[in-house]
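**Student:** Dumping the structure here so I can ask a few things about it.
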Amino acid sequence: MADDDITRLLGRIAQQDKTALRALYTAAGPKLMGILVRMLGNRSDAEDALQDVMIKIWTRAAAFNPEKGTGMAWICAITRNHALDCLRAARPAHRHTQPARPDDGGDGHDDPVARLPDPTPGAEEQSLLRAEMQRVLACMKELPNDRATALQGAYLQGLSYQDLASRFDVPLNTMRTWLRRALITLRECLEK
């Protein structure tokens, strides 16, 4: 399905059109399921998560702005963010014991938000992430421009292989080969 079609469906979903939601589920569901299975590692969890993602799309469709990106990229971002939320929720929370205060009933846990672990990466983790990003960018520069652009379209913008094949005016199987080889080259570069 072309991204213009997804954008139109999101517009109809914003108006609470259930038929449009079903059409979006049919068209984009397999791609979203693939993202969820890869991130969550469990098909059953991914199926549950996909239902939650579709509900989020239903409730947030009015917030979609086609000037800020494609419809596919928007629903893929919702999907990835939901998967990350699921992964965070599955991690055991770090328990910090606090002395009881007289105003909290004596259990030391009056504020549930205060007990949540801080998701912000620390300075060391940020530094490592920046270094890793620089490595990825350097390796991306080793790819031919069209391959790097196609790779970014597929994995950062959520474009389908068919969309990319049309954009680059190449057969679908050629685009699949481009992406597979670009990923292999990228992996080999990062392993150096």
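Scheme for the structure tokens: letters A, B, ... for chains in order shown; per-chain residue numbers from 1; ligand numbers from 1 in order shown.
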Mind dumping a table of every stretch 7-95 of chain A residue within 12 Å of stretch 134-158 of chain A, with the nearest atom pair and its distance in Å to one decimal, using only C-alpha atoms, sorted by chain and rising number, as a tab-separated table?
**Tutor:**
residue	atom	partner	partner_atom	distance
A:Ala28	CA	A:Gly158	CA	10.5
A:Lys31	CA	A:Gly158	CA	8.9
A:Leu32	CA	A:Gly158	CA	9.6
A:Gly34	CA	A:Gly158	CA	11.7
A:Ile35	CA	A:Gly158	CA	10.0
A:Lys68	CA	A:Gln157	CA	11.6
A:Gly69	CA	A:Gln157	CA	8.2
A:Thr70	CA	A:Gln157	CA	7.6
A:Gly71	CA	A:Gly158	CA	9.0
A:Met72	CA	A:Gly158	CA	5.8
A:Ala73	CA	A:Gly158	CA	4.8
A:Trp74	CA	A:Gly158	CA	8.4
A:Ile75	CA	A:Gly158	CA	8.6
A:Cys76	CA	A:Gly158	CA	6.2
A:Ala77	CA	A:Gly158	CA	8.5
A:Ile78	CA	A:Gly158	CA	11.4
A:Thr79	CA	A:Gly158	CA	10.8
A:Arg80	CA	A:Gly158	CA	10.8
**Student:** May I have the selected residues written with N, CA, C and O atoms, as an mmCIF file, in the first residue's frame?
**Tutor:**
data_model
loop_
_atom_site.group_PDB
_atom_site.id
_atom_site.type_symbol
_atom_site.label_atom_id
_atom_site.label_comp_id
_atom_site.auth_asym_id
_atom_site.auth_seq_id
_atom_site.Cartn_x
_atom_site.Cartn_y
_atom_site.Cartn_z
ATOM 1 N N ALA A 28 -1.051 -2.766 6.874
ATOM 2 C CA ALA A 28 0.189 -2.521 7.615
ATOM 3 C C ALA A 28 0.436 -3.525 8.723
ATOM 4 O O ALA A 28 1.548 -3.596 9.252
ATOM 5 N N LYS A 31 3.645 -5.765 8.575
ATOM 6 C CA LYS A 31 4.884 -5.018 8.806
ATOM 7 C C LYS A 31 5.027 -4.682 10.290
ATOM 8 O O LYS A 31 6.097 -4.851 10.881
ATOM 9 N N LEU A 32 3.942 -4.211 10.898
ATOM 10 C CA LEU A 32 3.975 -3.863 12.315
ATOM 11 C C LEU A 32 4.237 -5.108 13.170
ATOM 12 O O LEU A 32 4.988 -5.052 14.140
ATOM 13 N N GLY A 34 5.933 -7.695 12.240
ATOM 14 C CA GLY A 34 7.351 -8.006 12.076
ATOM 15 C C GLY A 34 8.220 -7.185 13.020
ATOM 16 O O GLY A 34 9.154 -7.704 13.640
ATOM 17 N N ILE A 35 7.904 -5.899 13.144
ATOM 18 C CA ILE A 35 8.650 -5.035 14.068
ATOM 19 C C ILE A 35 8.496 -5.546 15.491
ATOM 20 O O ILE A 35 9.477 -5.671 16.239
ATOM 21 N N LYS A 68 5.076 16.347 8.836
ATOM 22 C CA LYS A 68 6.211 15.972 9.683
ATOM 23 C C LYS A 68 6.783 14.606 9.323
ATOM 24 O O LYS A 68 7.789 14.198 9.892
ATOM 25 N N GLY A 69 6.138 13.874 8.429
ATOM 26 C CA GLY A 69 6.637 12.566 8.036
ATOM 27 C C GLY A 69 5.542 11.745 7.385
ATOM 28 O O GLY A 69 4.389 12.162 7.302
ATOM 29 N N THR A 70 5.935 10.549 6.953
ATOM 30 C CA THR A 70 4.983 9.690 6.261
ATOM 31 C C THR A 70 4.067 8.975 7.259
ATOM 32 O O THR A 70 4.420 8.811 8.430
ATOM 33 N N GLY A 71 2.936 8.544 6.759
ATOM 34 C CA GLY A 71 2.005 7.794 7.601
ATOM 35 C C GLY A 71 2.611 6.491 8.080
ATOM 36 O O GLY A 71 2.454 6.104 9.242
ATOM 37 N N MET A 72 3.329 5.793 7.198
ATOM 38 C CA MET A 72 3.958 4.539 7.586
ATOM 39 C C MET A 72 5.001 4.775 8.666
ATOM 40 O O MET A 72 5.095 4.026 9.628
ATOM 41 N N ALA A 73 5.806 5.822 8.520
ATOM 42 C CA ALA A 73 6.820 6.123 9.534
ATOM 43 C C ALA A 73 6.147 6.424 10.873
ATOM 44 O O ALA A 73 6.643 6.005 11.926
ATOM 45 N N TRP A 74 5.025 7.118 10.828
ATOM 46 C CA TRP A 74 4.309 7.476 12.061
ATOM 47 C C TRP A 74 3.787 6.236 12.775
ATOM 48 O O TRP A 74 3.986 6.080 13.972
ATOM 49 N N ILE A 75 3.144 5.318 12.028
ATOM 50 C CA ILE A 75 2.612 4.128 12.702
ATOM 51 C C ILE A 75 3.746 3.187 13.122
ATOM 52 O O ILE A 75 3.634 2.494 14.127
ATOM 53 N N CYS A 76 4.856 3.177 12.379
ATOM 54 C CA CYS A 76 6.016 2.369 12.787
ATOM 55 C C CYS A 76 6.628 2.939 14.066
ATOM 56 O O CYS A 76 7.048 2.178 14.943
ATOM 57 N N ALA A 77 6.652 4.257 14.194
ATOM 58 C CA ALA A 77 7.180 4.879 15.417
ATOM 59 C C ALA A 77 6.305 4.528 16.611
ATOM 60 O O ALA A 77 6.814 4.209 17.691
ATOM 61 N N ILE A 78 4.989 4.576 16.428
ATOM 62 C CA ILE A 78 4.077 4.177 17.513
ATOM 63 C C ILE A 78 4.353 2.730 17.900
ATOM 64 O O ILE A 78 4.404 2.381 19.084
ATOM 65 N N THR A 79 4.547 1.876 16.910
ATOM 66 C CA THR A 79 4.796 0.459 17.151
ATOM 67 C C THR A 79 6.099 0.255 17.913
ATOM 68 O O THR A 79 6.138 -0.474 18.910
ATOM 69 N N ARG A 80 7.170 0.887 17.449
ATOM 70 C CA ARG A 80 8.466 0.747 18.132
ATOM 71 C C ARG A 80 8.395 1.266 19.561
ATOM 72 O O ARG A 80 8.908 0.642 20.485
#
**Student:** Contacts of A:Leu172 at 7 Å or less, counting only C-alpha atoms, minus same-chain residues fewer than 4 places along, as a list of chain:residue names?
**Tutor:**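 Non-adjacent residues within range: A:Tyr161, A:Gln162, A:Ala165, A:Arg176.
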**Student:** In Å, how far is it from atom CA of A:Phe64 to atom CA of A:Thr7?
**Tutor:**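 Interatomic distance, atom CA of A:Phe64 to atom CA of A:Thr7: 8.6 Å.
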**Student:** Would you kindly return, as a VMD selection string, each protein, DNA or RNA residue with an atom no farther than 7 Å from any atom of stretch 51-60 of chain A, considering only C-alpha atoms and excluding same-chain residues fewer than 3 positions away?
**Tutor:** chain A and resid 13 47 to 48 63 78 to 79 82
**Student:** Just to be explicit: take each residue in the selection above, keep C-alpha atoms, and write the result as a compact mmCIF listing (two decimals), in the first residue's frame.
**Tutor:**
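Below is the file again-v3.txt, written as the result:
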# COMPACT_ATOMS: atom_id res chain seq x y z
CA ILE A 13 -9.43 6.90 11.27
CA GLU A 47 0.13 -10.27 18.84
CA ASP A 48 -1.08 -8.70 22.09
CA ALA A 63 -2.48 13.95 15.94
CA ILE A 78 4.08 4.18 17.51
CA THR A 79 4.80 0.46 17.15
CA HIS A 82 5.01 0.58 22.31
